[in-house]
Every structure is written in C-alpha cells, then in structure tokens.
Amino acid sequence: MFYSLDILGTIAFAISGTLTAIHKKFDPVGVFIIAFATAIGGGTLRDVLIGRTPVGWMLDLNYVYAIIGATIFAIIMRKKIEYLSTSLFLFDTIGLGIFTIIGTEIGLQQNLHPIVCVILGVVTATFGGVIRDTLCNEIPVIFHKKIIYASACVVGGITFLVLTRFNVPVNINYIITSLIVIVIRLITAKFKLSLPTFSTRE
Amino acid sequence: MFYSLDILGTIAFAISGTLTAIHKKFDPVGVFIIAFATAIGGGTLRDVLIGRTPVGWMLDLNYVYAIIGATIFAIIMRKKIEYLSTSLFLFDTIGLGIFTIIGTEIGLQQNLHPIVCVILGVVTATFGGVIRDTLCNEIPVIFHKKIIYASACVVGGITFLVLTRFNVPVNINYIITSLIVIVIRLITAKFKLSLPTFSTRE
Amino acid sequence: MFYSLDILGTIAFAISGTLTAIHKKFDPVGVFIIAFATAIGGGTLRDVLIGRTPVGWMLDLNYVYAIIGATIFAIIMRKKIEYLSTSLFLFDTIGLGIFTIIGTEIGLQQNLHPIVCVILGVVTATFGGVIRDTLCNEIPVIFHKKIIYASACVVGGITFLVLTRFNVPVNINYIITSLIVIVIRLITAKFKLSLPTFSTRE
C-alpha cells in the first residue's frame with residue numbers, strides 16, 4: 001500500500017508539473033522536463049544531500065514509467081482537467097503526506113538527528129514544487145501563497161518521530177501521520193486558513 | 001579526438017555563458033561564474049545525481065583552463081563575435097552532440113537502465129544552459145524558445161543505445177550518434193522547425 | 001575561535017536571508033526555508049560537489065540551532081534592525097572571510113588542485129546568497145550589484161594557498177586571510193569601489 005501511495009504521489013506531482021508547463025506554453029520536451037523535475041525533485045535533492053546515490057528513481061524504473069504515463073495523460077486531458085481539479089488536489093495532498101513520511105524515515109535510517117529528519121521530510125515533500133517554480137521563473141508557491149503547505153509537513157514529520165519514539169507499529173504510524181498532514185491541508189484549504197506574514201516598518 | 005571534442009564543447013558553452021552574462025551587464029566575477037556554470041553545469045548535475053564525486057572537472061584541470069581561456073577570449077572579442085555567431089552555433093551544436101553521448105555512456109558504465117542513460121545524456125547536454133538561464137533570472141531557453149534542442153539529444157541518446165546493443169564499435173557509434181544530433185539541430189534551425197505547443201482551453 | 005566565527009557567519013547569513021524573505025512578504029515557513037538556504041546553501045553545494053555527504057550541517061546540530069535562533073531573533077527585531085545594519089554588514093563580511101577559508105581548506109584536505117580549492121572557497125562564501133536570490137526570483141546580487149564580493153573571496157583564497165605553501169602556521173594563516181577578505185570588502189564598500197562592466201556594441 002505504501003509503495004502504491006508513493007507512486008500515486010509521484011503521479012500527482014507529475015500532473016501538477018505538466019499543467020504548469022502547458023500553461024507556460026512550453027514545448028513537449030519542456031513539459032516532460034518540468035513534469036520530471038516536479039515529481040522527483042524533492043526526493044532527488046534529499047538523496048543528494050545525504051549521499052544516497054545514484055538517486056532513488058534511477059534504480060526503480062516504475063517511477064519513470066509513472067511520470068511518463070501521467071504526463072501523457074495530463075497532456076491529453078488538459079482541457080477537461082478542470083473537472084478533475086478536486087481529485088488532483090487530493091492526489092497532491094496525499095503525495096505531500098506520503099513524501100513527508102518517506103523523507104523523515106530515510107533520515108532515521110541514516111541515523112540522522114530527529115530535527116534533520118523532519119527537515120528531510122519537508123525537503124522531500126516540497127522541493128519538487130520549488131524546483132518547478134524556479135525553472136518556470138516564478139517565486140515558489142509555498143513561500144508566498146496563502147496556503148498551509150510546508151507547515152503541515154513539519155507537523156507530520158514531528159508526529160512521525162514522536163510515534164516512532166513510543167514504538168507505535170510502523171504501518172499504523174504511516175497511516176496516522178499521513179492522515180494528519182492530509183487533514184491539516186484539507187481543513188486549512190477548506191477554510192482558507194493561512195499563516196500571517198510579518199509586518200514591516202514601512 | 002573524443003576528448004578534444006569534449007573540450008571544444010566546454011569552450012563553446014563557456015563562450016555562450018560569457019556572452020549572456022555580458023549582455024546582462026554582470027561584472028567580471030559574475031561573468032566568470034556564469035561561464036563556469038554554463039560549461040560544467042550539466043556534467044556536474046549528472047555526476048552529483050549518480051554519486052560520481054568529486055565531480056569530473058575537479059579532477060581534470062584542463063576543463064578549468066579551457067573555460068578561463070574561452071571566457072577571456074569571449075570578453076576581448078565581444079564586439080566582433082557577431083561575425084563568429086555561425087561558428088559559435090556550430091560549436092554549441094557540436095558540444096550538444098558530444099555531451100549527449102558522454103552523459104549516456106557514463107550512465108551505461110554505472111549499469112543504469114537505458115532510459116535513465118538517455119535522461120543523463122539530456123541532462124548533461126542541456127542543464128548547463130538551464131542553470132545559466134535560471135541564474136540570470138530568465139525562463140530557460142530550451143523550455144519555450146521555438147527550437148529543437150533537448151529532443152535532438154533524446155534521439156541521439158536512443159540511437160547511441162541501439163547501436164551499442166548491436167555491438168557497433170564505440171568509435172563509429174560516437175561519430176554516427178553525434179552527427180545525428182548535430183544534423184537534426186542544423187536542419188531544424190535552418191528551416192526554423194519546432195515542436196508545437198499545446199493548446200489550452202482559453 | 002574558528003568554530004565560533006563559523007557559527008557567527010552562519011548566523012549573519014541566516015539573518016540576511018530572514019530579512020530578505022520578510023521583505024518579500026513570505027509566510028513564516030517561507031522565511032525559515034530562505035534563512036536556512038542562505039546560511040547553509042554555499043557549504044551544502046560545496047559538500048555535494050566533493051561528495052562529503054551527509055552534508056556538514058546534518059552532522060552538527062549547532063548550525064541548525066544557530067539558524068533557528070538567528071531567524072527568530074531577526075523576525076522579532078525586524079523593525080529595529082536598521083539600527084543594526086552596520087553590525088549586520090560586519091557579520092556578513094566576517095562570514096564571507098571565514099567561509100572562504102573553510103571552503104578552500106576543505107578542498108586542500110581532499111587533495112584537490114589549488115585552483116579548485118579557491119573555487120570551492122568562493123562557492124562556500126557566495127552561493128548561499130545566490131540560492132537565496134534565485135529562490136526569491138531575483139538576479140543574484142553578486143552578479144550585478146556594484147559591489148566587490150566574490151572577488152574579495154578569490155583574493156582571500158589565493159592568499160590562503162600561498163601562505164599554506166610557505167608553511168605559515170594555520171592559525172596565523174586563518175587570521176591574515178580572513179582579515180584580507182574583510183578589509184577588501186570594507187574598504188571597497190566605504191569608497192563605493194566596484195569592478196567595471198563590459199561595454200557592448202550597442
């Protein structure tokens with residue numbers, strides 16, 4: 001189940017990258033590159049930072065196939081995908097929850113400090129989108145849009161560590177933690193909650 | 001010959017970075033940084049992704065000397081270089097062909113899956129330019145300009161793999177594959193061919 | 001002393017990132033991400049390029065604590081920090097000097113060529129700021145602002161290597177080299193000196 005959800009998250013991020021690139025009028029090759037960068041960017045950066053190379057997706061082609069398939073699907077369905085936007089948002093949110101756990105757990109496997117593990121969870125879940133936006137020459141959405149995104153990952157990562165410390169079985173931990181990330185994101189999106197920005201002098 | 005062509009490609013990309021940075025009114029240090037990033041960015045990203053560190057150019061100073069020389073040359077010749085633009089385009093195209101093969105072959109040496117090898121070829125050939133444009137705060141040229149660029153690398157990388165599979169001697173394979181990339185790029189540039197972008201609803 | 005100065009440099013860069021992100025109206029999570037990226041970006045890129053992974057700050061939590069503390073401090077003091085701008089500039093300059101030496105010396109430890117060591121010093125000292133500006137969708141300050149910045153690092157790195165070659169004791173070398181970087185930066189800032197940009201045809 002966990003592996004399938006990981007693939008599902010990869011697909012959701014690939015679709016999100018595809019739609020962004022189409023909107024920017026990129027040509028097909030550009031669309032594929034952005035889809036790839038969005039889907040594997042966060043995990044790739046995590047693997048590079050901890051020295052887990054060759055990076056993950058190079059050793060398991062299912063990720064590559066999933067991205068290619070999702071990109072072709074999104075290109076074909078691009079005019080109808082508005083009807084799908086709710087399911088897309090759901091996939092993206094599921095991906096966020098799963099990627100947070102994966103990043104945090106890989107940090108634990110490498111015996112890194114819990115704070116570093118949470119940071120790796122956030123990097124895994126969010127930097128695909130950051131790379132997508134940077135390549136498209138925009139300020140990354142997670143920095144300025146009025147949404148709760150990375151903060152949901154922080155809460156999820158910490159929960160995962162606390163439950164691990166209390167020896168909660170890992171499968172139950174996966175479910176609880178990813179549900180927390182997903183619920184936080186859904187509720188804050190529903191009620192348009194956001195963190196305040198800081199006032200400045202002028 | 002292969003090594004010389006690799007150096008030639010590095011020189012061409014360094015010149016391209018230098019001219020971009022001068023056009024942006026960067027100071028001399030900025031010009032050198034952009035020239036370096038353009039010339040070694042693709043190969044560096046490839047090496048980091050597969051864990052081939054320290055990255056290549058750190059272990060063979062000829063690349064560094066070639067970049068420094070090319071940058072100084074381009075700075076001195078900047079006002080006359082329009083006359084050279086055809087040779088520049090040729091160098092850049094040669095670099096594209098060579099870098100595609102180098103990236104693909106290094107993937108093969110690491111026993112990675114053929115699809116991953118082609119991706120590494122594309123990354124090696126194109127991400128120097130992507131990094132250059134990102135640092136200059138522009139949308140990378142290969143994503144939106146009406147040119148065939150990364151797609152020529154994809155074709156070249158696949159050809160290289162197919163010929164390798166059929167045990168074509170590696171030197172002949174190098175020549176055929178790089179010529180394919182170069183010819184595709186030259187012909188499509190000559191006739192201003194490009195891939196279509198995708199229509200959207202609005 | 002050296003370790004304290006390293007932490008001090010990290011703090012200064014974290015504060016600089018925090019203020020930039022606040023100015024861009026990023027939310028608190030965005031502010032923390034930019035503060036982190038600015039403070040550890042240069043050293044992280046250096047470590048990734050030479051394969052020193054997991055990267056440095058993951059193995060010494062004091063850097064993480066320093067960044068979190070500095071970011072909270074800068075958020076609280078954001079309206080008064082103009083009064084501190086001189087001390088901030090000083091911290092930043094000290095960080096520049098220290099990070100140059102650290103990067104250069106780590107290159108030496110890895111038995112890399114002196115030129116590569118100087119490049120690593122410049123990367124360590126400047127790429128935190130480059131990453132900060134790229135994520136904020138601006139042209140990196142060091143490329144175009146009329147300031148002497150990376151060039152001070154180049155001079156510092158070369159000095160460090162020359163003194164190492166002449167067997168100057170390492171502690172004295174640290175002090176001399178960082179003072180050179182700091183003095184160059186202070187004097188050129190005081191007298192608003194800058195490198196010329198290159199004229200172009202039009």
# chains A, B, ... in the order shown; residues from 1 in each chain; ligands from 1

call {"tool": "closest_atom_pairs", "arguments": {"of": "chain C", "to": "chain A", "cutoff": "7 Å", "atoms": "only C-alpha atoms", "output": "Markdown table"}}
result
| residue | atom | partner | partner_atom | distance |
| --- | --- | --- | --- | --- |
| C:Ile22 | CA | A:Phe198 | CA | 6.4 |
| C:Lys25 | CA | A:Thr197 | CA | 6.0 |
| C:Phe26 | CA | A:His144 | CA | 4.7 |
| C:Asp27 | CA | A:Thr197 | CA | 4.7 |
| C:Pro28 | CA | A:Thr197 | CA | 6.6 |
| C:Val29 | CA | A:Ser151 | CA | 6.4 |
| C:Gly30 | CA | A:Phe143 | CA | 4.3 |
| C:Val48 | CA | A:Leu49 | CA | 6.6 |
| C:Thr53 | CA | A:Gly51 | CA | 4.9 |
| C:Pro54 | CA | A:Ile50 | CA | 3.9 |
| C:Val55 | CA | A:Leu49 | CA | 5.9 |
| C:Met58 | CA | A:Val116 | CA | 6.1 |
| C:Lys79 | CA | A:Arg201 | CA | 5.5 |
| C:Leu135 | CA | A:Ile139 | CA | 6.5 |
| C:Cys136 | CA | A:Ile139 | CA | 5.7 |
| C:Asn137 | CA | A:Ile139 | CA | 5.4 |

call {"tool": "residues_around", "arguments": {"residues": "A:Thr86", "least_positions_apart": "5", "cutoff": "12 Å", "atoms": "only C-alpha atoms", "output": "CSV table (one decimal) with all heavy atoms, in the first residue's frame"}}
result
chain,number,residue,atom,x,y,z
A,12,ALA,N,0.7,12.4,-9.0
A,12,ALA,CA,0.1,13.7,-8.8
A,12,ALA,C,1.0,14.9,-9.1
A,12,ALA,O,0.6,15.9,-9.7
A,12,ALA,CB,-0.4,13.7,-7.4
A,81,ILE,N,-9.3,18.8,-17.5
A,81,ILE,CA,-8.8,18.5,-16.2
A,81,ILE,C,-9.3,19.4,-15.1
A,81,ILE,O,-9.2,19.1,-13.9
A,81,ILE,CB,-7.2,18.5,-16.3
A,81,ILE,CG1,-6.7,17.3,-15.5
A,81,ILE,CG2,-6.7,19.8,-15.8
A,81,ILE,CD1,-5.4,16.8,-16.0
A,91,PHE,N,-4.9,14.1,-4.7
A,91,PHE,CA,-3.6,13.3,-5.0
A,91,PHE,C,-2.4,14.1,-4.5
A,91,PHE,O,-1.5,13.6,-3.9
A,91,PHE,CB,-3.4,13.1,-6.5
A,91,PHE,CG,-4.3,12.1,-7.1
A,91,PHE,CD1,-4.6,12.1,-8.5
A,91,PHE,CD2,-4.8,11.0,-6.3
A,91,PHE,CE1,-5.4,11.0,-9.0
A,91,PHE,CE2,-5.5,10.0,-6.9
A,91,PHE,CZ,-5.8,10.0,-8.2
A,92,ASP,N,-2.4,15.4,-4.8
A,92,ASP,CA,-1.3,16.2,-4.4
A,92,ASP,C,-1.1,16.2,-2.9
A,92,ASP,O,0.0,16.1,-2.4
A,92,ASP,CB,-1.5,17.7,-4.9
A,92,ASP,CG,-0.3,18.6,-4.7
A,92,ASP,OD1,0.8,18.3,-5.2
A,92,ASP,OD2,-0.5,19.6,-3.9
A,93,THR,N,-2.3,16.3,-2.2
A,93,THR,CA,-2.2,16.3,-0.8
A,93,THR,C,-1.8,14.9,-0.2
A,93,THR,O,-1.0,14.8,0.7
A,93,THR,CB,-3.6,16.7,-0.2
A,93,THR,OG1,-4.0,17.9,-0.7
A,93,THR,CG2,-3.6,16.7,1.3
A,186,LEU,N,-6.3,19.7,4.1
A,186,LEU,CA,-7.7,19.8,3.6
A,186,LEU,C,-8.5,20.9,4.4
A,186,LEU,O,-9.2,21.7,3.8
A,186,LEU,CB,-8.4,18.5,3.8
A,186,LEU,CG,-7.9,17.4,2.8
A,186,LEU,CD1,-8.7,16.1,3.0
A,186,LEU,CD2,-8.0,17.8,1.3
A,189,ALA,N,-7.3,24.4,3.7
A,189,ALA,CA,-7.7,24.8,2.4
A,189,ALA,C,-9.2,25.2,2.3
A,189,ALA,O,-9.6,26.2,1.8
A,189,ALA,CB,-7.3,23.8,1.3
A,190,LYS,N,-9.9,24.3,3.0
A,190,LYS,CA,-11.4,24.5,3.0
A,190,LYS,C,-11.8,25.8,3.6
A,190,LYS,O,-12.6,26.6,3.1
A,190,LYS,CB,-12.0,23.3,3.9
A,190,LYS,CG,-13.5,23.4,4.2
A,190,LYS,CD,-14.3,22.9,3.1
A,190,LYS,CE,-15.8,23.0,3.4
A,190,LYS,NZ,-16.7,22.8,2.3

call {"tool": "closest_residue", "arguments": {"among": "B:Ile98, B:Leu193, B:Ile106, B:Ile75", "to": "B:Tyr3", "atoms": "only C-alpha atoms"}}
result
B:Ile98

call {"tool": "residues_around", "arguments": {"residues": "B:Tyr63", "least_positions_apart": "3", "cutoff": "10 Å", "atoms": "only C-alpha atoms", "output": "list in words"}}
result
Asp6, Ile7, Leu8, Thr10, Ile11, Phe36, Ala39, Ile40, Gly56, Trp57, Met58, Leu59, Asp60, Ala66, Ile67, Ile68 and Gly69 of chain B

call {"tool": "select_by_dssp", "arguments": {"residues": "stretch 113-142 of chain A", "states": "helix (DSSP H, G or I)", "output": "ChimeraX atom specification"}}
result
/A:114-135,141-142

call {"tool": "atom_distance", "arguments": {"atom1": "atom CA of B:Ala37", "atom2": "atom CA of B:Gly17"}}
result
7.8 Å

call {"tool": "residues_around", "arguments": {"residues": "A:Ala74", "least_positions_apart": "2", "cutoff": "9 Å", "atoms": "only C-alpha atoms", "output": "compact mmCIF listing (two decimals) with C-alpha atoms, in the first residue's frame"}}
result
# COMPACT_ATOMS: atom_id res chain seq x y z
CA ALA A 14 3.96 14.93 -12.41
CA ILE A 15 0.46 16.05 -13.41
CA SER A 16 0.87 19.29 -11.48
CA THR A 18 2.65 19.13 -16.66
CA LEU A 19 -0.23 21.54 -16.21
CA GLY A 69 2.34 7.94 -18.25
CA ALA A 70 0.99 10.71 -16.02
CA THR A 71 2.45 13.40 -18.26
CA ILE A 72 0.91 11.92 -21.42
CA ILE A 76 -4.35 14.56 -23.45
CA MET A 77 -6.81 15.53 -20.73
CA ARG A 78 -5.58 19.10 -20.32
CA ILE A 81 -8.78 18.50 -16.21

call {"tool": "atom_distance", "arguments": {"atom1": "atom CA of A:Phe13", "atom2": "atom CA of A:Phe127"}}
result
11.0 Å

call {"tool": "closest_residue", "arguments": {"among": "A:Val181, A:Ile158, A:Leu163, A:Val64", "to": "A:Gly95", "atoms": "only C-alpha atoms"}}
result
A:Val181

call {"tool": "closest_residue", "arguments": {"among": "A:Thr100, A:Thr164, A:Gln109, A:Thr124", "to": "A:Ala152", "atoms": "only C-alpha atoms"}}
result
A:Thr100
